[in-house]
Structures are given as structure tokens and as C-alpha cells.
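Note: the block below is run.pdb and it holds PDB, C-alpha atoms.
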ATOM      1  CA  MET A   1     -40.199 -11.435 -20.140
ATOM      2  CA  THR A   2     -39.933  -7.655 -19.927
ATOM      3  CA  THR A   3     -37.312  -6.052 -22.152
ATOM      4  CA  ILE A   4     -34.986  -3.692 -20.292
ATOM      5  CA  ARG A   5     -35.037  -0.409 -22.183
ATOM      6  CA  HIS A   6     -33.781   2.004 -19.523
ATOM      7  CA  ASP A   7     -30.683   1.836 -17.339
ATOM      8  CA  VAL A   8     -32.094   4.554 -15.081
ATOM      9  CA  VAL A   9     -35.644   5.847 -14.729
ATOM     10  CA  VAL A  10     -35.934   9.090 -12.767
ATOM     11  CA  LEU A  11     -39.314   9.907 -11.233
ATOM     12  CA  GLY A  12     -40.081  13.552 -10.483
ATOM     13  CA  GLY A  13     -37.860  16.498  -9.705
ATOM     14  CA  THR A  14     -37.780  18.699 -12.791
ATOM     15  CA  GLY A  15     -37.918  22.480 -12.665
ATOM     16  CA  VAL A  16     -36.316  25.770 -13.576
ATOM     17  CA  ASP A  17     -33.612  27.612 -11.643
ATOM     18  CA  THR A  18     -33.312  31.384 -11.824
ATOM     19  CA  THR A  19     -29.682  32.074 -10.971
ATOM     20  CA  VAL A  20     -28.609  35.385  -9.440
ATOM     21  CA  TYR A  21     -24.881  35.917  -8.877
ATOM     22  CA  VAL A  22     -24.474  38.040  -5.742
ATOM     23  CA  PRO A  23     -21.346  39.666  -4.263
ATOM     24  CA  GLU A  24     -21.489  37.691  -1.002
ATOM     25  CA  LEU A  25     -23.533  35.371   1.182
ATOM     26  CA  PRO A  26     -25.247  36.081   3.469
ATOM     27  CA  LEU A  27     -26.389  39.102   1.516
ATOM     28  CA  PRO A  28     -26.611  42.257   3.674
ATOM     29  CA  TYR A  29     -29.753  44.319   3.259
ATOM     30  CA  ARG A  30     -29.632  47.054   0.635
ATOM     31  CA  ASP A  31     -32.374  48.590  -1.448
ATOM     32  CA  THR A  32     -30.694  47.594  -4.742
ATOM     33  CA  TYR A  33     -27.865  45.344  -5.916
ATOM     34  CA  HIS A  34     -26.605  45.495  -9.482
ATOM     35  CA  VAL A  35     -25.844  41.943 -10.567
ATOM     36  CA  PRO A  36     -24.678  40.105 -13.701
ATOM     37  CA  PRO A  37     -27.395  38.860 -16.081
ATOM     38  CA  VAL A  38     -30.093  36.860 -14.318
ATOM     39  CA  LEU A  39     -30.567  33.548 -16.136
ATOM     40  CA  ASP A  40     -33.274  30.885 -16.262
ATOM     41  CA  ARG A  41     -31.869  27.375 -16.659
ATOM     42  CA  ILE A  42     -33.090  23.829 -16.158
ATOM     43  CA  GLY A  43     -32.785  22.840 -12.517
ATOM     44  CA  ASN A  44     -33.969  20.659  -9.651
ATOM     45  CA  THR A  45     -32.737  17.269  -8.575
ATOM     46  CA  GLY A  46     -34.512  14.903 -10.968
ATOM     47  CA  SER A  47     -33.283  16.862 -13.965
ATOM     48  CA  GLY A  48     -29.744  16.743 -12.606
ATOM     49  CA  VAL A  49     -29.662  12.998 -12.015
ATOM     50  CA  ALA A  50     -31.219  12.291 -15.418
ATOM     51  CA  LEU A  51     -28.874  14.608 -17.330
ATOM     52  CA  GLY A  52     -25.842  13.402 -15.384
ATOM     53  CA  CYS A  53     -26.594   9.741 -16.076
ATOM     54  CA  ARG A  54     -27.297  10.451 -19.735
ATOM     55  CA  ALA A  55     -23.976  12.299 -20.134
ATOM     56  CA  LEU A  56     -22.292   9.132 -18.808
ATOM     57  CA  GLY A  57     -23.814   7.070 -21.623
ATOM     58  CA  LEU A  58     -26.670   5.481 -19.696
ATOM     59  CA  ARG A  59     -30.129   4.990 -21.193
ATOM     60  CA  VAL A  60     -32.318   7.372 -19.197
ATOM     61  CA  LYS A  61     -36.033   8.083 -18.980
ATOM     62  CA  LEU A  62     -37.527  10.845 -16.825
ATOM     63  CA  VAL A  63     -41.191  10.853 -15.770
ATOM     64  CA  ASP A  64     -42.744  13.912 -14.144
ATOM     65  CA  LEU A  65     -45.522  16.453 -13.860
ATOM     66  CA  ILE A  66     -44.495  19.630 -15.699
ATOM     67  CA  GLY A  67     -46.362  22.893 -16.106
ATOM     68  CA  GLU A  68     -47.839  24.008 -19.403
ATOM     69  CA  ASP A  69     -45.962  27.283 -19.081
ATOM     70  CA  PRO A  70     -42.759  28.847 -20.484
ATOM     71  CA  GLN A  71     -40.694  27.205 -17.755
ATOM     72  CA  GLY A  72     -42.128  23.809 -18.625
ATOM     73  CA  ARG A  73     -41.247  24.340 -22.270
ATOM     74  CA  LEU A  74     -37.670  25.168 -21.246
ATOM     75  CA  VAL A  75     -37.447  21.914 -19.266
ATOM     76  CA  ARG A  76     -38.910  19.758 -22.017
ATOM     77  CA  ASP A  77     -36.755  21.279 -24.746
ATOM     78  CA  HIS A  78     -33.547  20.945 -22.714
ATOM     79  CA  LEU A  79     -34.137  17.284 -21.881
ATOM     80  CA  THR A  80     -35.115  16.384 -25.427
ATOM     81  CA  VAL A  81     -32.069  18.040 -26.995
ATOM     82  CA  ARG A  82     -29.789  16.126 -24.606
ATOM     83  CA  GLY A  83     -31.279  12.735 -25.344
ATOM     84  CA  VAL A  84     -33.283  12.133 -22.166
ATOM     85  CA  ASP A  85     -36.454  10.181 -22.944
ATOM     86  CA  LEU A  86     -39.294  12.115 -21.314
ATOM     87  CA  ALA A  87     -42.835  11.187 -20.290
ATOM     88  CA  TRP A  88     -44.837  13.981 -18.701
ATOM     89  CA  ALA A  89     -48.296  15.057 -17.693
ATOM     90  CA  PRO A  90     -49.464  18.611 -16.927
ATOM     91  CA  SER A  91     -48.919  19.933 -13.425
ATOM     92  CA  ARG A  92     -51.911  21.918 -12.221
ATOM     93  CA  ALA A  93     -49.804  24.445 -10.313
ATOM     94  CA  GLY A  94     -47.169  24.914 -13.008
ATOM     95  CA  THR A  95     -43.479  24.096 -13.215
ATOM     96  CA  ILE A  96     -41.374  23.961 -10.054
ATOM     97  CA  ARG A  97     -39.187  27.038  -9.632
ATOM     98  CA  SER A  98     -36.125  27.972  -7.582
ATOM     99  CA  VAL A  99     -34.254  31.253  -7.212
ATOM    100  CA  LEU A 100     -30.578  30.589  -6.528
ATOM    101  CA  LEU A 101     -28.307  33.200  -4.982
ATOM    102  CA  VAL A 102     -24.721  32.250  -5.857
ATOM    103  CA  ALA A 103     -21.663  33.811  -4.188
ATOM    104  CA  PRO A 104     -18.271  34.320  -5.880
ATOM    105  CA  ASP A 105     -16.872  31.232  -4.101
ATOM    106  CA  GLY A 106     -19.641  29.041  -5.572
ATOM    107  CA  ARG A 107     -21.752  28.730  -2.411
ATOM    108  CA  ARG A 108     -25.468  29.035  -2.952
ATOM    109  CA  LEU A 109     -28.734  29.817  -1.195
ATOM    110  CA  SER A 110     -31.847  28.319  -2.754
ATOM    111  CA  LEU A 111     -35.342  29.812  -2.550
ATOM    112  CA  HIS A 112     -37.529  26.886  -3.605
ATOM    113  CA  ASP A 113     -41.097  27.125  -4.879
ATOM    114  CA  PRO A 114     -42.435  23.531  -5.087
ATOM    115  CA  ARG A 115     -45.675  24.518  -6.845
ATOM    116  CA  ALA A 116     -47.324  21.749  -4.854
ATOM    117  CA  THR A 117     -50.950  20.743  -5.290
ATOM    118  CA  PRO A 118     -52.207  18.700  -2.304
ATOM    119  CA  GLY A 119     -53.062  15.150  -3.302
ATOM    120  CA  GLU A 120     -51.603  15.392  -6.808
ATOM    121  CA  ARG A 121     -49.974  12.139  -7.935
ATOM    122  CA  LEU A 122     -47.770  11.010 -10.755
ATOM    123  CA  PRO A 123     -50.201   9.006 -12.933
ATOM    124  CA  ARG A 124     -49.630   5.253 -12.808
ATOM    125  CA  ASP A 125     -50.156   4.833 -16.535
ATOM    126  CA  LEU A 126     -47.337   7.345 -17.077
ATOM    127  CA  TYR A 127     -44.672   5.706 -14.901
ATOM    128  CA  LEU A 128     -45.606   2.002 -14.856
ATOM    129  CA  PRO A 129     -44.294   1.193 -18.365
ATOM    130  CA  ALA A 130     -41.015   2.932 -17.515
ATOM    131  CA  VAL A 131     -40.321   1.265 -14.162
ATOM    132  CA  ARG A 132     -41.243  -2.159 -15.574
ATOM    133  CA  ALA A 133     -38.553  -1.728 -18.245
ATOM    134  CA  ALA A 134     -35.852  -0.312 -15.943
ATOM    135  CA  ARG A 135     -32.679  -1.598 -14.329
ATOM    136  CA  HIS A 136     -32.774   1.115 -11.673
ATOM    137  CA  VAL A 137     -35.326   3.714 -10.506
ATOM    138  CA  HIS A 138     -34.340   6.965  -8.788
ATOM    139  CA  VAL A 139     -37.241   8.611  -6.930
ATOM    140  CA  SER A 140     -37.173  12.353  -6.195
ATOM    141  CA  ILE A 141     -38.559  13.438  -2.819
ATOM    142  CA  VAL A 142     -41.610  15.246  -4.189
ATOM    143  CA  GLY A 143     -45.158  14.614  -3.039
ATOM    144  CA  PRO A 144     -46.514  13.271  -6.354
ATOM    145  CA  CYS A 145     -43.935  10.439  -6.218
ATOM    146  CA  ARG A 146     -44.550   9.261  -2.674
ATOM    147  CA  HIS A 147     -46.847   6.397  -3.720
ATOM    148  CA  VAL A 148     -44.701   4.828  -6.477
ATOM    149  CA  PHE A 149     -42.560   2.338  -4.521
ATOM    150  CA  PRO A 150     -45.055  -0.574  -4.379
ATOM    151  CA  ASP A 151     -45.274  -0.463  -8.197
ATOM    152  CA  ILE A 152     -41.537  -0.898  -8.754
ATOM    153  CA  PRO A 153     -40.946  -4.552  -9.704
ATOM    154  CA  ASP A 154     -38.869  -6.916  -7.601
ATOM    155  CA  GLY A 155     -35.302  -6.987  -8.841
ATOM    156  CA  VAL A 156     -35.322  -3.334  -9.927
ATOM    157  CA  THR A 157     -33.091  -1.408  -7.546
ATOM    158  CA  THR A 158     -34.122   1.995  -6.211
ATOM    159  CA  SER A 159     -32.480   5.120  -4.879
ATOM    160  CA  THR A 160     -33.450   8.511  -3.508
ATOM    161  CA  ASP A 161     -31.732  11.700  -2.355
ATOM    162  CA  LEU A 162     -33.002  13.183   0.924
ATOM    163  CA  HIS A 163     -30.877  16.327   0.455
ATOM    164  CA  ASP A 164     -30.634  18.351   3.689
ATOM    165  CA  TRP A 165     -32.919  16.104   5.756
ATOM    166  CA  ASP A 166     -32.645  16.713   9.483
ATOM    167  CA  GLY A 167     -33.429  13.089  10.327
ATOM    168  CA  THR A 168     -36.850  13.927  11.804
ATOM    169  CA  ASN A 169     -38.976  15.674   9.149
ATOM    170  CA  PRO A 170     -41.682  13.110   8.294
ATOM    171  CA  HIS A 171     -41.897  14.268   4.657
ATOM    172  CA  HIS A 172     -38.730  12.314   3.844
ATOM    173  CA  GLU A 173     -39.460   9.071   5.691
ATOM    174  CA  ASP A 174     -41.388   7.224   2.969
ATOM    175  CA  PHE A 175     -38.485   7.779   0.577
ATOM    176  CA  ALA A 176     -35.767   7.051   3.136
ATOM    177  CA  TYR A 177     -37.150   3.704   4.239
ATOM    178  CA  ALA A 178     -38.334   2.374   0.861
ATOM    179  CA  SER A 179     -35.117   2.836  -1.166
ATOM    180  CA  ASP A 180     -32.194   0.456  -1.635
ATOM    181  CA  VAL A 181     -29.659   3.291  -1.905
ATOM    182  CA  VAL A 182     -30.134   6.496   0.067
ATOM    183  CA  PHE A 183     -28.190   9.702  -0.491
ATOM    184  CA  LEU A 184     -28.399  12.696   1.842
ATOM    185  CA  SER A 185     -26.405  15.719   2.930
ATOM    186  CA  ALA A 186     -24.713  16.303   6.265
ATOM    187  CA  ALA A 187     -25.866  19.944   6.253
ATOM    188  CA  ALA A 188     -28.587  19.602   8.917
ATOM    189  CA  LEU A 189     -27.326  16.563  10.852
ATOM    190  CA  GLY A 190     -24.440  17.800  12.995
ATOM    191  CA  ASP A 191     -23.165  15.152  15.393
ATOM    192  CA  ARG A 192     -26.240  12.967  14.656
ATOM    193  CA  ARG A 193     -24.930  12.117  11.181
ATOM    194  CA  ASP A 194     -23.840   8.528  11.808
ATOM    195  CA  ALA A 195     -26.873   7.770  13.965
ATOM    196  CA  VAL A 196     -29.255   8.985  11.258
ATOM    197  CA  MET A 197     -27.417   6.933   8.630
ATOM    198  CA  ARG A 198     -27.689   3.816  10.777
ATOM    199  CA  ALA A 199     -31.387   4.481  11.441
ATOM    200  CA  ILE A 200     -32.087   4.709   7.710
ATOM    201  CA  MET A 201     -30.531   1.301   7.223
ATOM    202  CA  SER A 202     -32.063  -0.366  10.273
ATOM    203  CA  ARG A 203     -35.596   0.976   9.770
ATOM    204  CA  GLY A 204     -35.791   0.573   6.001
ATOM    205  CA  ARG A 205     -34.492  -1.555   3.153
ATOM    206  CA  ALA A 206     -31.340   0.394   2.295
ATOM    207  CA  SER A 207     -28.116  -1.554   1.870
ATOM    208  CA  LEU A 208     -26.153   1.620   1.153
ATOM    209  CA  VAL A 209     -26.391   5.098   2.713
ATOM    210  CA  VAL A 210     -24.163   7.905   1.443
ATOM    211  CA  CYS A 211     -23.958  11.237   3.244
ATOM    212  CA  THR A 212     -22.229  14.004   1.298
ATOM    213  CA  ASP A 213     -20.368  16.692   3.227
ATOM    214  CA  GLY A 214     -19.192  19.272   0.703
ATOM    215  CA  ALA A 215     -15.469  19.941   0.727
ATOM    216  CA  ASP A 216     -15.089  17.343   3.493
ATOM    217  CA  GLY A 217     -16.012  14.548   1.093
ATOM    218  CA  CYS A 218     -18.628  11.985   2.058
ATOM    219  CA  HIS A 219     -19.474   9.325   4.624
ATOM    220  CA  VAL A 220     -20.612   5.886   3.518
ATOM    221  CA  LEU A 221     -22.434   3.123   5.373
ATOM    222  CA  ALA A 222     -22.726  -0.189   3.519
ATOM    223  CA  ALA A 223     -24.455  -3.327   4.735
ATOM    224  CA  GLU A 224     -21.273  -5.347   4.236
ATOM    225  CA  TRP A 225     -19.110  -2.934   6.275
ATOM    226  CA  ASP A 226     -18.707  -2.733  10.035
ATOM    227  CA  GLY A 227     -19.309   1.014  10.257
ATOM    228  CA  VAL A 228     -19.348   4.376   8.530
ATOM    229  CA  ARG A 229     -16.313   5.103   6.351
ATOM    230  CA  HIS A 230     -15.085   8.510   5.238
ATOM    231  CA  PHE A 231     -14.021   9.289   1.663
ATOM    232  CA  PRO A 232     -12.249  12.529   0.724
ATOM    233  CA  ALA A 233     -13.539  15.015  -1.810
ATOM    234  CA  GLN A 234     -11.823  15.142  -5.177
ATOM    235  CA  PRO A 235      -9.950  18.309  -6.163
ATOM    236  CA  LEU A 236     -11.781  20.679  -8.476
ATOM    237  CA  PRO A 237     -10.514  20.455 -12.069
ATOM    238  CA  GLY A 238     -10.776  24.248 -12.404
ATOM    239  CA  PRO A 239     -11.895  27.414 -10.588
ATOM    240  CA  ALA A 240     -15.051  27.128  -8.486
ATOM    241  CA  ALA A 241     -18.005  28.634 -10.316
ATOM    242  CA  ASP A 242     -21.252  27.290  -8.868
ATOM    243  CA  SER A 243     -21.901  24.472  -6.398
ATOM    244  CA  ASN A 244     -25.466  24.008  -7.640
ATOM    245  CA  GLY A 245     -25.973  20.505  -8.997
ATOM    246  CA  ALA A 246     -22.895  18.980  -7.358
ATOM    247  CA  GLY A 247     -24.972  16.589  -5.267
ATOM    248  CA  ASP A 248     -26.990  15.387  -8.256
ATOM    249  CA  ALA A 249     -23.763  14.916 -10.227
ATOM    250  CA  PHE A 250     -22.385  12.852  -7.342
ATOM    251  CA  VAL A 251     -25.478  10.632  -7.420
ATOM    252  CA  SER A 252     -25.097  10.137 -11.177
ATOM    253  CA  GLY A 253     -21.480   9.074 -10.830
ATOM    254  CA  VAL A 254     -22.257   6.573  -8.088
ATOM    255  CA  LEU A 255     -25.189   5.095 -10.015
ATOM    256  CA  TYR A 256     -23.038   4.742 -13.125
ATOM    257  CA  GLY A 257     -20.453   2.786 -11.153
ATOM    258  CA  ARG A 258     -23.039   0.524  -9.539
ATOM    259  CA  LEU A 259     -24.725  -0.238 -12.850
ATOM    260  CA  ARG A 260     -21.312  -1.171 -14.231
ATOM    261  CA  GLY A 261     -20.732  -3.547 -11.313
ATOM    262  CA  LEU A 262     -17.704  -1.656  -9.985
ATOM    263  CA  PRO A 263     -16.446  -1.924  -6.392
ATOM    264  CA  LEU A 264     -18.212   0.441  -4.016
ATOM    265  CA  GLU A 265     -15.042   2.413  -3.312
ATOM    266  CA  GLU A 266     -14.683   3.114  -7.035
ATOM    267  CA  CYS A 267     -18.351   4.107  -7.324
ATOM    268  CA  VAL A 268     -17.863   6.680  -4.573
ATOM    269  CA  ARG A 269     -14.733   8.027  -6.255
ATOM    270  CA  LEU A 270     -16.603   8.430  -9.546
ATOM    271  CA  GLY A 271     -19.354  10.294  -7.724
ATOM    272  CA  ALA A 272     -16.815  12.624  -6.137
ATOM    273  CA  LEU A 273     -15.167  13.291  -9.503
ATOM    274  CA  ALA A 274     -18.539  14.115 -11.079
ATOM    275  CA  GLY A 275     -19.443  16.387  -8.169
ATOM    276  CA  ALA A 276     -16.120  18.222  -8.384
ATOM    277  CA  HIS A 277     -16.685  18.835 -12.092
ATOM    278  CA  ALA A 278     -20.143  20.288 -11.379
ATOM    279  CA  CYS A 279     -18.644  22.889  -9.036
ATOM    280  CA  THR A 280     -16.609  24.335 -11.925
ATOM    281  CA  ALA A 281     -19.590  24.750 -14.300
ATOM    282  CA  ALA A 282     -21.972  27.714 -14.206
ATOM    283  CA  GLY A 283     -25.621  26.825 -13.739
ATOM    284  CA  THR A 284     -27.116  23.786 -12.089
ATOM    285  CA  HIS A 285     -27.093  21.146 -14.834
ATOM    286  CA  GLU A 286     -25.737  22.909 -17.928
ATOM    287  CA  ASP A 287     -22.513  20.937 -18.284
ATOM    288  CA  PRO A 288     -22.585  17.483 -16.641
ATOM    289  CA  ILE A 289     -19.359  15.537 -16.877
ATOM    290  CA  THR A 290     -19.130  13.268 -19.913
ATOM    291  CA  LEU A 291     -18.043   9.664 -19.760
ATOM    292  CA  ALA A 292     -14.858  10.501 -21.669
ATOM    293  CA  ALA A 293     -13.935  13.196 -19.137
ATOM    294  CA  LEU A 294     -14.801  10.934 -16.208
ATOM    295  CA  LEU A 295     -12.601   8.168 -17.591
ATOM    296  CA  GLU A 296      -9.750  10.606 -18.114
ATOM    297  CA  ARG A 297      -9.986  11.986 -14.599
ATOM    298  CA  ALA A 298     -10.394   8.556 -13.058
ATOM    299  CA  GLY A 299      -7.040   7.708 -14.626
ATOM    300  CA  GLU A 300      -5.510   4.456 -15.714
ATOM    301  CA  ASP A 301      -6.585   2.644 -12.563
ATOM    302  CA  GLY A 302     -10.212   3.427 -13.400
ATOM    303  CA  GLN A 303      -9.837   1.983 -16.885
ATOM    304  CA  LYS A 304      -8.280  -1.192 -15.455
ATOM    305  CA  ASN A 305     -11.324  -1.563 -13.218
ATOM    306  CA  GLY A 306     -13.630  -1.783 -16.223
ATOM    307  CA  LEU A 307     -14.884   1.753 -16.828
ATOM    308  CA  VAL A 308     -16.068   1.298 -20.393
ATOM    309  CA  THR A 309     -18.508   3.095 -22.623
ATOM    310  CA  ASN A 310     -22.043   1.897 -23.320
ATOM    311  CA  GLY A 311     -22.413  -0.351 -26.326
TER     312      GLY A 311
END
Could you quickly redo this structure as C-alpha cells?
Amino acid sequence: MTTIRHDVVVLGGTGVDTTVYVPELPLPYRDTYHVPPVLDRIGNTGSGVALGCRALGLRVKLVDLIGEDPQGRLVRDHLTVRGVDLAWAPSRAGTIRSVLLVAPDGRRLSLHDPRATPGERLPRDLYLPAVRAARHVHVSIVGPCRHVFPDIPDGVTTSTDLHDWDGTNPHHEDFAYASDVVFLSAAALGDRRDAVMRAIMSRGRASLVVCTDGADGCHVLAAEWDGVRHFPAQPLPGPAADSNGAGDAFVSGVLYGRLRGLPLEECVRLGALAGAHACTAAGTHEDPITLAALLERAGEDGQKNGLVTNG
């Protein structure tokens, strides 16, 4: 019998964000803008989910291709210091990069450089030991992870985040239809939101689809429910600083609740609380909400529902 060593294994999705704080978005053309210090920080979705889950006391392992470059060293050092178990192999094209333009109200525009190498795959001998010892596997929507789903053992639940999928881009389909829990954003869906959520469930294996909608909260479709239900956003616990990483924080909160066996409504509320916290922290993943803070903000009702620390 395989020993479970990881609550969550995250496959893919590490990188470095270069954050530029700009006076407004969209940014009108000018030859030069003087801005506050430009900072390189750990970023990208896999890093965020891994760090968020680890801050909530879960046992986390992240597996990815990372460049042998200064940005890759930043990623590896950050994850190691924060207690995320890391397995990595060199990426031929280098570490994934993003330039983030952040407005004073926290809104952002991301310029993403995937550093993709056609045909490059996450090595099986790197991820197989991890997924075979996992309770849950979260798969980032990057090309090197597209092939991993058949290797995830029966009984190990899976999730993915499609981000701003428009419902038609074929890049996302393998991830959308092979995951048990699917997260996505409403940003590119318009009035097709509910139809796309239903199609994910009907065409794939998902029993839960969660569509985040910024300040409007989120929309949830569960196999046991009759239709899509709306949940409000949680109030920010402080001034808005940077919306980067809020979606990954939301995913971490929901996964924590599910792994604790909490009711779905409570899982969604924990995700919203984690996402609200992320909007008040500068950088993408510098200050994920801790379990102690999540418990405090969830209040006495959350404690009665069994929100307890690991161990």
C-alpha cells in the first residue's frame, strides 16, 4: 500500500513576476513613466497554489521544469524557505516570466512569457513518485503537463484552473475535461458563463466547476445541485494593494476545505476569504493567508464546522 506523503501535489506553473506599479490602467502612451521600484518576485499559478496550500498547513509538493537561470534560483529558494517540497528538472527555454502592470486600485495587466519549448514534457520519473503518494493533484495549464492525467492513480482527486478561458480555445480542453474540480474566471465568458460551466461538467469528469468573478464573487456548479449558484465576495480585510494571486489564493482555500471534508458552501467561503486577503498584499504570492488568520476571519462558525490545524 502506498503511503500518503502529500496532501497536495502541484504540477507545473512556477515562474517569476516583474511587478511595475503604474499610475493608471489602461496606460496612455508616453515616452517615459517614473514608477516606484520595479521588483522581481515569485509568481505564476502553480507557485501560488502551492504556497497558499502550504501556508494553510497542508503537506505540499511542487513538480516543474525550471530554468537554470537567476529567475529559477529565485523560485527554488523561495519555495524551499517556505517549506514547499520541490522536485524540478531544467527547462530548456528558461524560467517562465511575466511583467505585471498594477494600478493604484489593485487591478493588473499581465504580459506573460511562457518560455515554451514545443514537445517538452514534465518527466514521468519526476512526477510519478509524487502523484502516487498524493491525496490531491492540481495540474497547471502548461504544455509540459498536458500528458500527466493518465498517470494519476484512481482515488486521487484532481483539479485545474483554466484562468480566463473563453470556452473555445483548444489549449485548455485536455485540462478542463480530465479534472475532477475545475476553476476558471468569468473574464472572457460574458453571457456564456453558465453554458460553459455546464459543458465542462457534461463533457468531462468534473463534479465541481467554480467560476470566479472578481468583486462579484463566484458562481458554482456542483453535480449534486440543480443549477449554478452565486456566492458573494468577501470584504477585503484592508486597503486594496494588488489583485495578483487572488485566484490562486481562492483555489488554495477551496482545496483546504475539501481536504478537510467541509461542506461545499464553507469551502467556497474559505476560498473567498483567502482571495480577499491576497488583494491586500503586495506582490503575487508574497504573503498568503495563514491558517490562523483564515480561522480568525472565518469566525466561530468556521471553528464549529471543524476548521482545525494539521497534526
Exercise for the section: Considering all atoms listed in the file, state which residue in the set A:Val142, A:Leu255, A:Val20, A:Leu291 is at the smallest distance from A:Ala50. Expected result: A:Leu255
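Against this structure, the PyMOL selection byres ((chain A and resi 48) around 9) ends up with Gly13, Thr14, Ile42, Gly43, Asn44, Thr45, Gly46, Ser47, Val49, Ala50, Leu51, Gly52, Cys53, Gly245, Ala246, Gly247, Asp248, Ala249, Ser252, Thr284, His285 and Pro288 of chain A.
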Handout entry: Explicit residues for the PyMOL selection byres ((chain A and resi 94) around 12) (as a VMD selection string)
Key = chain A and resid 14 to 16 64 to 73 75 89 to 93 95 to 97 113 to 117
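In this model, the gap between atom CA of A:Asp216 and atom CA of A:Ala281 comes to 19.8 Å.
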Exercise for the section: Given the file shown, enumerate the residues that the PyMOL selection byres ((chain A and resi 79) around 10) captures and present them as a list in words. Expected result: Thr14, Ile42, Ser47, Ala50, Leu51, Arg54, Lys61, Leu62, Leu74, Val75, Arg76, Asp77, His78, Thr80, Val81, Arg82, Gly83, Val84, Asp85 and Leu86 of chain A
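The shortest atom-to-atom distance to A:Cys211, with all atoms listed in the file taken into account, belongs to A:Trp165 out of A:Tyr21, A:Phe175, A:Trp225, A:Trp165.
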Completion exercise
Restricting to only C-alpha atoms, whichever of A:Ala222, A:Leu236, A:Ala292, A:Ala103 is closest to A:Ala278 is A:Leu236
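Of the listed residues (A:Phe149, A:Ala130, A:Gly106, A:Arg203), A:Gly106 comes nearest to A:Ala215; the distances count all atoms listed in the file.
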Practice task
May I ask for the distance between atom CA of A:Gly217 and atom CA of A:Gln234, given in Å to one decimal place?
Solution key: 7.6 Å
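Computed from the coordinates, the atom CA of A:His277 to atom CA of A:Arg193 distance equals 25.6 Å.
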Problem - Spatial neighbours of A:Gly143, max dist 8 Å, only C-alpha atoms, sep filter under 2 positions, as a PyMOL selection string - result: chain A and resi 116+119-121+141+145-146
Practice task
Just the residues within 12 Å of A:Met197, please, counting only C-alpha atoms, with nothing from its chain fewer than 5 positions along; format it as a ChimeraX atom specification.
Solution key: /A:162,165-167,176-177,181-186,189,191-192,202-204,206-212,219-223,227-229
Box dimensions and centre (Å, one decimal) enclosing stretch 82-89 of chain A, axis-aligned, 4 Å extra per side, as lines of an AutoDock Vina configuration file:
center_x = -39.0
center_y = 13.2
center_z = -21.5
size_x = 26.5
size_y = 13.9
size_z = 15.7
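Compared by their closest atoms to A:Val254, and using all atoms listed in the file, the residues A:Asp287, A:Val148, A:Ser159, A:Arg108 rank with A:Ser159 nearest.
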Handout entry: Nearest candidate to A:Ile4 (options A:Gly155, A:Gly190, A:Pro37, A:Pro26; using all atoms listed in the file)
Key = A:Gly155
Practice task
Just the residues within 8 Å of stretch 264-271 of chain A, please, counting only C-alpha atoms, with nothing from its chain fewer than 2 positions along; format it as number ranges by chain.
Solution key: A: 231, 234, 249-258, 262, 273-275, 294, 298, 302
